Structures are given as structure tokens and as C-alpha cells.
$ cat final_6.pdb   # PDB, C-alpha atoms, pLDDT in the B column
ATOM      1  CA  MET A   1     -16.889   0.839 -30.252  1.00 40.00           C
ATOM      2  CA  ARG A   2     -14.895  -0.852 -33.010  1.00 44.00           C
ATOM      3  CA  THR A   3     -12.097  -3.129 -31.881  1.00 43.00           C
ATOM      4  CA  PRO A   4      -8.586  -3.141 -33.423  1.00 45.00           C
ATOM      5  CA  SER A   5      -9.382  -6.478 -35.101  1.00 43.00           C
ATOM      6  CA  SER A   6     -12.573  -5.126 -36.734  1.00 45.00           C
ATOM      7  CA  ILE A   7     -10.705  -2.032 -37.917  1.00 42.00           C
ATOM      8  CA  ALA A   8      -7.935  -4.188 -39.337  1.00 42.00           C
ATOM      9  CA  LEU A   9     -10.503  -6.355 -41.140  1.00 43.00           C
ATOM     10  CA  ALA A  10     -12.052  -3.248 -42.714  1.00 47.00           C
ATOM     11  CA  ILE A  11      -8.613  -2.109 -43.853  1.00 40.00           C
ATOM     12  CA  VAL A  12      -7.802  -5.486 -45.401  1.00 39.00           C
ATOM     13  CA  THR A  13     -11.180  -5.477 -47.189  1.00 45.00           C
ATOM     14  CA  ALA A  14     -10.427  -2.029 -48.576  1.00 45.00           C
ATOM     15  CA  MET A  15      -7.038  -3.252 -49.756  1.00 42.00           C
ATOM     16  CA  ALA A  16      -8.643  -6.091 -51.658  1.00 45.00           C
ATOM     17  CA  GLY A  17     -10.816  -3.658 -53.617  1.00 48.00           C
ATOM     18  CA  SER A  18      -8.078  -1.163 -54.357  1.00 45.00           C
ATOM     19  CA  SER A  19      -6.351  -1.035 -57.731  1.00 45.00           C
ATOM     20  CA  SER A  20      -3.669   1.380 -56.667  1.00 47.00           C
ATOM     21  CA  GLY A  21      -0.394  -0.190 -55.574  1.00 48.00           C
ATOM     22  CA  SER A  22       0.661   2.838 -53.516  1.00 45.00           C
ATOM     23  CA  CYS A  23      -2.734   3.007 -51.844  1.00 43.00           C
ATOM     24  CA  SER A  24      -2.553  -0.680 -50.985  1.00 47.00           C
ATOM     25  CA  LEU A  25       0.882  -0.188 -49.496  1.00 41.00           C
ATOM     26  CA  LEU A  26      -0.364   2.652 -47.304  1.00 34.00           C
ATOM     27  CA  LEU A  27      -3.309   0.555 -46.179  1.00 37.00           C
ATOM     28  CA  LEU A  28      -0.998  -2.328 -45.379  1.00 42.00           C
ATOM     29  CA  VAL A  29       1.138  -0.065 -43.209  1.00 37.00           C
ATOM     30  CA  ALA A  30      -1.964   1.216 -41.440  1.00 37.00           C
ATOM     31  CA  ALA A  31      -3.211  -2.310 -40.830  1.00 41.00           C
ATOM     32  CA  ALA A  32       0.125  -3.310 -39.352  1.00 42.00           C
ATOM     33  CA  ALA A  33       0.068  -0.278 -37.068  1.00 39.00           C
ATOM     34  CA  VAL A  34      -3.425  -1.101 -35.814  1.00 40.00           C
ATOM     35  CA  LEU A  35      -2.612  -4.740 -35.220  1.00 44.00           C
ATOM     36  CA  SER A  36       0.534  -3.787 -33.299  1.00 44.00           C
ATOM     37  CA  LEU A  37      -1.351  -1.605 -30.815  1.00 42.00           C
ATOM     38  CA  PRO A  38      -0.740  -2.959 -27.310  1.00 49.00           C
ATOM     39  CA  SER A  39      -3.937  -4.610 -26.070  1.00 59.00           C
ATOM     40  CA  SER A  40      -3.232  -3.330 -22.552  1.00 62.00           C
ATOM     41  CA  CYS A  41      -3.637   0.322 -23.607  1.00 76.00           C
ATOM     42  CA  GLN A  42      -7.354   0.095 -22.867  1.00 90.00           C
ATOM     43  CA  LEU A  43      -6.590  -1.010 -19.325  1.00 94.00           C
ATOM     44  CA  THR A  44      -5.120   2.364 -18.413  1.00 94.00           C
ATOM     45  CA  ALA A  45      -7.990   4.375 -19.917  1.00 93.00           C
ATOM     46  CA  GLY A  46      -9.420   6.646 -17.237  1.00 93.00           C
ATOM     47  CA  PHE A  47      -6.275   6.386 -15.119  1.00 96.00           C
ATOM     48  CA  SER A  48      -3.651   9.064 -14.609  1.00 96.00           C
ATOM     49  CA  ARG A  49      -0.011   8.093 -14.806  1.00 97.00           C
ATOM     50  CA  VAL A  50       1.974   8.691 -11.630  1.00 98.00           C
ATOM     51  CA  MET A  51       5.170  10.558 -12.391  1.00 97.00           C
ATOM     52  CA  LEU A  52       8.101   8.812 -10.702  1.00 97.00           C
ATOM     53  CA  ASN A  53      11.767   9.737 -10.559  1.00 97.00           C
ATOM     54  CA  GLU A  54      14.573   7.207 -10.433  1.00 97.00           C
ATOM     55  CA  SER A  55      15.097   7.670  -6.704  1.00 97.00           C
ATOM     56  CA  GLN A  56      11.650   6.160  -6.146  1.00 98.00           C
ATOM     57  CA  PHE A  57      12.799   2.840  -7.595  1.00 98.00           C
ATOM     58  CA  VAL A  58      14.458   1.563  -4.427  1.00 98.00           C
ATOM     59  CA  LEU A  59      16.633  -1.511  -4.910  1.00 98.00           C
ATOM     60  CA  GLN A  60      16.724  -4.238  -2.261  1.00 97.00           C
ATOM     61  CA  LYS A  61      19.556  -6.741  -2.810  1.00 97.00           C
ATOM     62  CA  PRO A  62      21.738  -9.023  -0.637  1.00 97.00           C
ATOM     63  CA  TYR A  63      23.450  -6.711   1.831  1.00 96.00           C
ATOM     64  CA  ASP A  64      26.940  -8.176   1.410  1.00 96.00           C
ATOM     65  CA  VAL A  65      27.377  -7.825  -2.362  1.00 97.00           C
ATOM     66  CA  PRO A  66      27.762  -4.704  -4.520  1.00 97.00           C
ATOM     67  CA  VAL A  67      24.845  -3.590  -6.657  1.00 98.00           C
ATOM     68  CA  TYR A  68      26.454  -4.548  -9.964  1.00 97.00           C
ATOM     69  CA  GLU A  69      26.682  -8.194  -8.903  1.00 98.00           C
ATOM     70  CA  ARG A  70      22.884  -8.507  -8.698  1.00 98.00           C
ATOM     71  CA  TYR A  71      21.434  -5.637 -10.731  1.00 98.00           C
ATOM     72  CA  ASP A  72      22.087  -4.390 -14.258  1.00 98.00           C
ATOM     73  CA  PRO A  73      19.958  -1.536 -15.634  1.00 97.00           C
ATOM     74  CA  CYS A  74      20.821  -1.161 -19.297  1.00 96.00           C
ATOM     75  CA  GLY A  75      18.939   0.129 -22.323  1.00 95.00           C
ATOM     76  CA  GLY A  76      15.724   0.637 -20.427  1.00 96.00           C
ATOM     77  CA  VAL A  77      15.739  -2.925 -19.064  1.00 98.00           C
ATOM     78  CA  ARG A  78      16.205  -3.613 -15.342  1.00 98.00           C
ATOM     79  CA  ARG A  79      17.886  -7.007 -15.065  1.00 98.00           C
ATOM     80  CA  MET A  80      17.824  -8.531 -11.563  1.00 98.00           C
ATOM     81  CA  TRP A  81      19.075 -11.861 -10.275  1.00 98.00           C
ATOM     82  CA  VAL A  82      19.680 -13.606  -6.955  1.00 98.00           C
ATOM     83  CA  PHE A  83      20.951 -16.942  -5.649  1.00 97.00           C
ATOM     84  CA  ASP A  84      19.234 -19.102  -3.066  1.00 95.00           C
ATOM     85  CA  THR A  85      22.403 -18.963  -0.951  1.00 95.00           C
ATOM     86  CA  ASP A  86      22.428 -15.150  -0.821  1.00 96.00           C
ATOM     87  CA  LYS A  87      21.986 -13.096   2.329  1.00 95.00           C
ATOM     88  CA  PRO A  88      18.823 -11.060   2.989  1.00 94.00           C
ATOM     89  CA  PHE A  89      18.779  -7.405   1.981  1.00 94.00           C
ATOM     90  CA  SER A  90      19.465  -6.233   5.535  1.00 92.00           C
ATOM     91  CA  THR A  91      21.056  -7.634   8.676  1.00 90.00           C
ATOM     92  CA  LYS A  92      18.017  -6.296  10.529  1.00 87.00           C
ATOM     93  CA  HIS A  93      15.537  -7.879   8.147  1.00 80.00           C
ATOM     94  CA  PRO A  94      15.829 -11.678   8.118  1.00 79.00           C
ATOM     95  CA  GLY A  95      14.158 -13.337   5.186  1.00 86.00           C
ATOM     96  CA  TYR A  96      14.702 -15.076   1.903  1.00 92.00           C
ATOM     97  CA  PRO A  97      17.160 -13.674  -0.662  1.00 96.00           C
ATOM     98  CA  ARG A  98      15.881 -11.080  -3.088  1.00 97.00           C
ATOM     99  CA  THR A  99      16.907  -8.579  -5.675  1.00 98.00           C
ATOM    100  CA  GLU A 100      13.772  -6.541  -5.833  1.00 98.00           C
ATOM    101  CA  ILE A 101      12.706  -2.977  -6.505  1.00 98.00           C
ATOM    102  CA  ARG A 102      10.290  -1.264  -4.183  1.00 98.00           C
ATOM    103  CA  VAL A 103       8.335   1.517  -5.850  1.00 98.00           C
ATOM    104  CA  ASP A 104       8.426   4.261  -3.251  1.00 98.00           C
ATOM    105  CA  LYS A 105       4.865   5.441  -3.736  1.00 97.00           C
ATOM    106  CA  VAL A 106       2.647   4.420  -0.835  1.00 97.00           C
ATOM    107  CA  TYR A 107      -1.118   4.478  -1.296  1.00 97.00           C
ATOM    108  CA  SER A 108      -4.081   3.757   0.959  1.00 96.00           C
ATOM    109  CA  SER A 109      -7.162   4.580  -1.127  1.00 95.00           C
ATOM    110  CA  GLY A 110      -8.396   4.741  -4.699  1.00 95.00           C
ATOM    111  CA  VAL A 111      -7.629   2.399  -7.591  1.00 97.00           C
ATOM    112  CA  TRP A 112      -4.000   1.759  -8.482  1.00 97.00           C
ATOM    113  CA  GLN A 113      -2.472  -0.047 -11.416  1.00 98.00           C
ATOM    114  CA  PHE A 114       0.977  -1.493 -11.984  1.00 98.00           C
ATOM    115  CA  GLU A 115       2.078  -2.047 -15.573  1.00 98.00           C
ATOM    116  CA  GLY A 116       5.293  -3.530 -16.925  1.00 98.00           C
ATOM    117  CA  ASP A 117       6.889  -6.022 -19.285  1.00 98.00           C
ATOM    118  CA  VAL A 118       8.647  -8.972 -17.651  1.00 98.00           C
ATOM    119  CA  TYR A 119      11.018 -11.575 -19.096  1.00 98.00           C
ATOM    120  CA  VAL A 120      11.909 -14.652 -17.058  1.00 98.00           C
ATOM    121  CA  PRO A 121      14.928 -16.671 -18.286  1.00 98.00           C
ATOM    122  CA  TRP A 122      14.542 -20.419 -18.551  1.00 98.00           C
ATOM    123  CA  GLY A 123      15.226 -22.285 -15.302  1.00 96.00           C
ATOM    124  CA  THR A 124      14.107 -19.598 -12.853  1.00 98.00           C
ATOM    125  CA  SER A 125      11.694 -21.183 -10.379  1.00 97.00           C
ATOM    126  CA  GLY A 126      10.405 -20.477  -6.883  1.00 96.00           C
ATOM    127  CA  ALA A 127      10.709 -16.683  -7.083  1.00 97.00           C
ATOM    128  CA  SER A 128       8.118 -13.938  -6.855  1.00 97.00           C
ATOM    129  CA  VAL A 129       8.513 -11.503  -9.737  1.00 98.00           C
ATOM    130  CA  MET A 130       5.842  -8.998  -8.637  1.00 98.00           C
ATOM    131  CA  GLN A 131       3.872  -8.239  -5.502  1.00 97.00           C
ATOM    132  CA  ILE A 132       1.697  -5.625  -3.845  1.00 97.00           C
ATOM    133  CA  PHE A 133       3.047  -5.208  -0.348  1.00 96.00           C
ATOM    134  CA  GLY A 134       0.823  -4.344   2.594  1.00 92.00           C
ATOM    135  CA  ALA A 135      -2.005  -6.335   4.203  1.00 92.00           C
ATOM    136  CA  ASP A 136      -3.680  -7.172   7.467  1.00 90.00           C
ATOM    137  CA  LYS A 137      -1.985  -9.834   9.567  1.00 90.00           C
ATOM    138  CA  PRO A 138      -1.239 -12.678   9.169  1.00 90.00           C
ATOM    139  CA  HIS A 139      -0.633 -11.639   5.551  1.00 90.00           C
ATOM    140  CA  ALA A 140       2.236  -9.407   4.462  1.00 89.00           C
ATOM    141  CA  SER A 141       1.116  -8.796   0.879  1.00 92.00           C
ATOM    142  CA  THR A 142      -2.094  -8.170  -1.001  1.00 94.00           C
ATOM    143  CA  VAL A 143      -1.012 -10.228  -3.996  1.00 96.00           C
ATOM    144  CA  MET A 144       2.131 -12.101  -5.006  1.00 96.00           C
ATOM    145  CA  LEU A 145       2.973 -13.551  -8.415  1.00 98.00           C
ATOM    146  CA  PRO A 146       5.774 -16.135  -8.327  1.00 97.00           C
ATOM    147  CA  VAL A 147       7.130 -18.292 -11.136  1.00 97.00           C
ATOM    148  CA  TYR A 148       7.234 -22.057 -10.688  1.00 96.00           C
ATOM    149  CA  ASP A 149       8.617 -24.214 -13.509  1.00 95.00           C
ATOM    150  CA  GLY A 150       7.625 -21.795 -16.229  1.00 96.00           C
ATOM    151  CA  GLN A 151       4.212 -20.893 -14.814  1.00 97.00           C
ATOM    152  CA  LEU A 152       3.183 -17.609 -13.237  1.00 98.00           C
ATOM    153  CA  THR A 153       0.937 -18.456 -10.289  1.00 97.00           C
ATOM    154  CA  TYR A 154      -1.129 -16.817  -7.567  1.00 97.00           C
ATOM    155  CA  TYR A 155       1.062 -17.110  -4.478  1.00 95.00           C
ATOM    156  CA  HIS A 156       2.120 -20.766  -4.141  1.00 92.00           C
ATOM    157  CA  ASN A 157      -1.112 -22.257  -5.446  1.00 93.00           C
ATOM    158  CA  LEU A 158       0.076 -24.270  -8.431  1.00 93.00           C
ATOM    159  CA  THR A 159      -3.528 -24.838  -9.506  1.00 94.00           C
ATOM    160  CA  MET A 160      -4.086 -21.086  -9.964  1.00 96.00           C
ATOM    161  CA  VAL A 161      -1.964 -20.445 -13.058  1.00 97.00           C
ATOM    162  CA  VAL A 162      -1.992 -16.818 -14.182  1.00 97.00           C
ATOM    163  CA  ALA A 163       0.221 -17.404 -17.236  1.00 98.00           C
ATOM    164  CA  ASP A 164       1.772 -20.507 -18.762  1.00 97.00           C
ATOM    165  CA  ARG A 165       5.068 -20.942 -20.618  1.00 97.00           C
ATOM    166  CA  VAL A 166       6.513 -17.645 -19.411  1.00 98.00           C
ATOM    167  CA  TYR A 167      10.164 -18.587 -19.982  1.00 98.00           C
ATOM    168  CA  ASP A 168      12.258 -16.668 -22.481  1.00 98.00           C
ATOM    169  CA  ARG A 169       9.572 -14.299 -23.733  1.00 98.00           C
ATOM    170  CA  TRP A 170       8.287 -10.870 -22.833  1.00 98.00           C
ATOM    171  CA  ILE A 171       4.828 -10.638 -21.309  1.00 97.00           C
ATOM    172  CA  ARG A 172       2.880  -7.515 -20.409  1.00 97.00           C
ATOM    173  CA  LEU A 173       1.605  -7.538 -16.842  1.00 98.00           C
ATOM    174  CA  ASN A 174      -1.105  -5.212 -15.532  1.00 98.00           C
ATOM    175  CA  VAL A 175      -2.190  -5.507 -11.899  1.00 98.00           C
ATOM    176  CA  VAL A 176      -5.142  -3.399 -10.725  1.00 98.00           C
ATOM    177  CA  HIS A 177      -5.821  -2.892  -7.008  1.00 97.00           C
ATOM    178  CA  ASP A 178      -9.153  -1.379  -5.995  1.00 96.00           C
ATOM    179  CA  VAL A 179      -8.551  -0.548  -2.347  1.00 95.00           C
ATOM    180  CA  ALA A 180     -12.142   0.241  -1.359  1.00 93.00           C
ATOM    181  CA  ALA A 181     -13.507  -2.856  -3.063  1.00 94.00           C
ATOM    182  CA  ALA A 182     -10.660  -4.967  -1.654  1.00 94.00           C
ATOM    183  CA  ASN A 183     -10.151  -6.472  -5.094  1.00 96.00           C
ATOM    184  CA  VAL A 184      -7.122  -7.283  -7.261  1.00 97.00           C
ATOM    185  CA  THR A 185      -7.294  -8.065 -10.978  1.00 98.00           C
ATOM    186  CA  VAL A 186      -4.348  -9.356 -12.989  1.00 98.00           C
ATOM    187  CA  TYR A 187      -4.062  -9.079 -16.771  1.00 98.00           C
ATOM    188  CA  VAL A 188      -1.494 -10.816 -18.948  1.00 97.00           C
ATOM    189  CA  ASP A 189      -0.957  -9.362 -22.425  1.00 96.00           C
ATOM    190  CA  GLY A 190      -4.237  -7.494 -22.054  1.00 95.00           C
ATOM    191  CA  GLU A 191      -6.275 -10.537 -21.070  1.00 96.00           C
ATOM    192  CA  ARG A 192      -7.838 -10.816 -17.632  1.00 96.00           C
ATOM    193  CA  ARG A 193      -6.363 -13.891 -15.982  1.00 97.00           C
ATOM    194  CA  LEU A 194      -7.065 -13.493 -12.271  1.00 97.00           C
ATOM    195  CA  GLU A 195      -9.481 -11.679  -9.969  1.00 97.00           C
ATOM    196  CA  VAL A 196      -9.098 -12.205  -6.229  1.00 96.00           C
ATOM    197  CA  PRO A 197      -9.999 -10.426  -2.985  1.00 94.00           C
ATOM    198  CA  GLY A 198      -7.374  -8.296  -1.291  1.00 92.00           C
ATOM    199  CA  HIS A 199      -5.935  -8.865   2.163  1.00 90.00           C
ATOM    200  CA  GLY A 200      -6.802  -5.568   3.802  1.00 90.00           C
ATOM    201  CA  GLY A 201      -4.118  -3.263   5.126  1.00 92.00           C
ATOM    202  CA  THR A 202      -3.853   0.490   5.344  1.00 91.00           C
ATOM    203  CA  GLU A 203      -0.716   1.130   3.251  1.00 95.00           C
ATOM    204  CA  HIS A 204       0.418  -0.508   0.021  1.00 97.00           C
ATOM    205  CA  TYR A 205       3.161  -0.272  -2.556  1.00 97.00           C
ATOM    206  CA  PHE A 206       4.377  -2.228  -5.590  1.00 98.00           C
ATOM    207  CA  LYS A 207       7.490  -4.399  -5.799  1.00 98.00           C
ATOM    208  CA  PHE A 208       9.056  -6.228  -8.747  1.00 98.00           C
ATOM    209  CA  GLY A 209      12.190  -8.286  -9.353  1.00 98.00           C
ATOM    210  CA  VAL A 210      13.057 -11.700  -7.890  1.00 98.00           C
ATOM    211  CA  TYR A 211      12.238 -12.727  -4.332  1.00 97.00           C
ATOM    212  CA  THR A 212      12.985 -16.298  -3.277  1.00 95.00           C
ATOM    213  CA  GLN A 213      10.007 -18.267  -1.991  1.00 92.00           C
ATOM    214  CA  GLY A 214      10.202 -20.998   0.633  1.00 76.00           C
ATOM    215  CA  LEU A 215       7.474 -23.309  -0.635  1.00 76.00           C
ATOM    216  CA  HIS A 216       8.032 -25.886  -3.390  1.00 78.00           C
ATOM    217  CA  ASN A 217      11.430 -26.268  -4.999  1.00 81.00           C
ATOM    218  CA  HIS A 218      13.301 -23.167  -6.085  1.00 90.00           C
ATOM    219  CA  SER A 219      16.207 -22.882  -8.486  1.00 96.00           C
ATOM    220  CA  HIS A 220      19.689 -21.932  -7.363  1.00 96.00           C
ATOM    221  CA  ARG A 221      19.687 -18.845  -9.598  1.00 97.00           C
ATOM    222  CA  MET A 222      16.575 -16.752 -10.083  1.00 98.00           C
ATOM    223  CA  GLU A 223      16.378 -13.925 -12.584  1.00 98.00           C
ATOM    224  CA  ALA A 224      13.853 -11.517 -14.093  1.00 98.00           C
ATOM    225  CA  HIS A 225      14.113  -8.609 -16.501  1.00 98.00           C
ATOM    226  CA  TRP A 226      11.681  -5.703 -16.366  1.00 98.00           C
ATOM    227  CA  LYS A 227      11.014  -2.764 -18.679  1.00 98.00           C
ATOM    228  CA  ASN A 228       8.317  -0.127 -19.288  1.00 97.00           C
ATOM    229  CA  VAL A 229       7.265  -0.140 -15.642  1.00 98.00           C
ATOM    230  CA  ALA A 230       4.613   2.486 -14.927  1.00 98.00           C
ATOM    231  CA  ILE A 231       2.111   3.242 -12.148  1.00 98.00           C
ATOM    232  CA  TYR A 232      -1.370   4.631 -12.720  1.00 98.00           C
ATOM    233  CA  THR A 233      -4.151   5.720 -10.400  1.00 98.00           C
ATOM    234  CA  LYS A 234      -7.697   7.034 -10.228  1.00 95.00           C
ATOM    235  CA  PRO A 235      -9.729   8.009  -7.163  1.00 87.00           C
ATOM    236  CA  TYR A 236     -12.397   5.307  -7.556  1.00 79.00           C
ATOM    237  CA  ALA A 237     -13.602   2.577  -9.892  1.00 64.00           C
TER     238      ALA A 237
END
$ encode --input "final_6.pdb" --output "C-alpha cells"
Amino acid sequence: MRTPSSIALAIVTAMAGSSSGSCSLLLLVAAAAVLSLPSSCQLTAGFSRVMLNESQFVLQKPYDVPVYERYDPCGGVRRMWVFDTDKPFSTKHPGYPRTEIRVDKVYSSGVWQFEGDVYVPWGTSGASVMQIFGADKPHASTVMLPVYDGQLTYYHNLTMVVADRVYDRWIRLNVVHDVAAANVTVYVDGERRLEVPGHGGTEHYFKFGVYTQGLHNHSHRMEAHWKNVAIYTKPYA
């Protein structure tokens, strides 16, 4: 199968041999379109998109502040922020501060994929921006991806860097969970960056936003923007 880069090279070669200005212009447009194809599109091949309505994006934010003081959905972008002095999301649920969206689609079998574009403003540190909840004890999650000083890491292991220099730029994140194989694979901008075993569990769901972490230093304000969030599934690998 020809890759986008090989197709683009063929187009550029054809341009070089063309004497028609209009033809060259059309080829240039085609080349630009090919090169702009998202590299992650191949990752969802064979998957079916899960249709979600807005009510399935369940916001969890500090219980004592109104939604608009921690969450701003505008123009297709979900902007979420939290402070390290904030309350938990419920008086019955002690824990670190968060402004996080739970995708209300529980799964227990098959292969599931989370996809979305995330933007982390400079200075945010010590906050999980995405996780798969659900695991066997003593774990609570199958995977967690926090940001520490501009690096996206696997849990709090600063030696397992999933993406570097994540501040102030959009990155495409794809996280694939094969339940039967107990395996999680993380892709950044279409490139496989992490493959780790799962943590068991019988029920799972995706979460994204900002969730303060207790290890290492965290910033006072933590913020993440998300867009193009989608969930995909297939029955088996």
C-alpha cells in the first residue's frame, strides 16, 4: 500500500514534468491535501465510531463552584481548568481537585479507542489530562497520562515520556485498549509512543480534562483544552 509521502512524491515528480501552469496548480493543491491527511486516520481503520450525545460527556468539577468558573465549551473546544486549592468534585468523594469529563460509555470487552486533540497551556504541571478508569485493586485506572513540566508521561514515571514539549500546541492522542489482551497502546500524532499491560478490571470508561496528581510538584493552576474527541470500538483485535 502506498503511503501519503510516496503519493506526494509522485505528485511532485509529475509537477516537475508538466508544462501546463493550471495543471501544476491542481497538482500542487492535490499534494497539499495528501500531505495534510491526519496520520491517525489509519489508527481507526476497522473500528466503528460510537455515537455519543452531549449528555454522555459528564463533567466533574469542584462541587462548590459553578460550572462556568472551571469549564468553557466554545467553538468545539472544551476548555477545563482547576486550582490545587479547589475542593473535590463531591463531598462524598474525597480526592484531589479535578475538572474532568467522564465519557458515560462503560465497556468490559472488545477493543476500544479514544481519540482527541489536546492543548496544554504553558505552566500546567502535575495533572492527568487523560485516563482509562477501571482496574483491579490496588489500581483504580488502566492507564493515566499526566503532564509534568511540559512532558506527557505514563503515570508518574518521569522516565517514561510519551510526548515531549507538549506546551502551547495541539497534539493528537489515540489510546487503544484491548481488553482481552490486557494491553494499552498510546499514539501521539499518529506515532506509537507507548505500549503497556493493562491493570485488569471488569468495567472501564474514558476520562479527559485536568485531574491534580499528588506525586511530584504540581502547578497552582492546571488547564487543558480538548477538541475532536471520539470513541471507537471493534469486537476483537
$ resolve_selection --input "final_6.pdb" --expression "the PyMOL selection byres ((chain A and resi 115) around 9)" --output "list in words"
Ser40, Thr44, Gln113, Phe114, Gly116, Asp117, Arg172, Leu173, Asn174, Val175, Val176, Asn228, Val229, Ala230, Ile231 and Tyr232 of chain A
$ residues_around --input "final_6.pdb" --residues "Ala224 (chain A)" --least-positions-apart "6" --cutoff "7 Å" --atoms "all atoms listed in the file" --output "list in words"
Arg79, Met80, Trp81, Val118, Tyr119, Val120, Pro121, Val129, Gly209 and Val210 of chain A
$ write_last_selection --input "final_6.pdb" --atoms "C-alpha atoms" --output "mmCIF file, in the coordinates of the input"
data_model
loop_
_atom_site.group_PDB
_atom_site.id
_atom_site.type_symbol
_atom_site.label_atom_id
_atom_site.label_comp_id
_atom_site.auth_asym_id
_atom_site.auth_seq_id
_atom_site.Cartn_x
_atom_site.Cartn_y
_atom_site.Cartn_z
ATOM 1 C CA ARG A 79 17.886 -7.007 -15.065
ATOM 2 C CA MET A 80 17.824 -8.531 -11.563
ATOM 3 C CA TRP A 81 19.075 -11.861 -10.275
ATOM 4 C CA VAL A 118 8.647 -8.972 -17.651
ATOM 5 C CA TYR A 119 11.018 -11.575 -19.096
ATOM 6 C CA VAL A 120 11.909 -14.652 -17.058
ATOM 7 C CA PRO A 121 14.928 -16.671 -18.286
ATOM 8 C CA VAL A 129 8.513 -11.503 -9.737
ATOM 9 C CA GLY A 209 12.190 -8.286 -9.353
ATOM 10 C CA VAL A 210 13.057 -11.700 -7.890
#
$ atom_distance --input "final_6.pdb" --atom1 "CA of Glu54 (chain A)" --atom2 "CA of Arg70 (chain A)"
17.9 Å
$ residues_around --input "final_6.pdb" --residues "Gly95 (chain A)" --least-positions-apart "3" --cutoff "12 Å" --atoms "only C-alpha atoms" --output "list in words"
Lys61, Pro62, Tyr63, Asp84, Thr85, Asp86, Lys87, Pro88, Phe89, Ser90, Thr91, Lys92, Arg98, Tyr211, Thr212, Gln213 and Gly214 of chain A
$ write_last_selection --input "final_6.pdb" --atoms "C-alpha atoms" --output "JSON list (two decimals), keeping the file's coordinate frame"
[["chain", "number", "residue", "atom", "x", "y", "z"],
["A", 61, "LYS", "CA", 19.56, -6.74, -2.81],
["A", 62, "PRO", "CA", 21.74, -9.02, -0.64],
["A", 63, "TYR", "CA", 23.45, -6.71, 1.83],
["A", 84, "ASP", "CA", 19.23, -19.10, -3.07],
["A", 85, "THR", "CA", 22.40, -18.96, -0.95],
["A", 86, "ASP", "CA", 22.43, -15.15, -0.82],
["A", 87, "LYS", "CA", 21.99, -13.10, 2.33],
["A", 88, "PRO", "CA", 18.82, -11.06, 2.99],
["A", 89, "PHE", "CA", 18.78, -7.40, 1.98],
["A", 90, "SER", "CA", 19.46, -6.23, 5.54],
["A", 91, "THR", "CA", 21.06, -7.63, 8.68],
["A", 92, "LYS", "CA", 18.02, -6.30, 10.53],
["A", 98, "ARG", "CA", 15.88, -11.08, -3.09],
["A", 211, "TYR", "CA", 12.24, -12.73, -4.33],
["A", 212, "THR", "CA", 12.98, -16.30, -3.28],
["A", 213, "GLN", "CA", 10.01, -18.27, -1.99],
["A", 214, "GLY", "CA", 10.20, -21.00, 0.63]]
$ atom_distance --input "final_6.pdb" --atom1 "CA of Ile171 (chain A)" --atom2 "CA of Ala135 (chain A)"
26.8 Å
$ closest_residue --input "final_6.pdb" --among "A:Thr99, A:Thr233, A:Asn157, A:Thr185" --to "Leu59 (chain A)" --atoms "only C-alpha atoms"
A:Thr99
$ closest_residue --input "final_6.pdb" --among "A:Arg193, A:Val143, A:Lys227, A:Val186" --to "Asp164 (chain A)" --atoms "all atoms listed in the file"
A:Arg193
$ closest_residue --input "final_6.pdb" --among "A:Lys137, A:Val82, A:Arg102, A:Lys207" --to "Tyr68 (chain A)" --atoms "all atoms listed in the file"
A:Val82
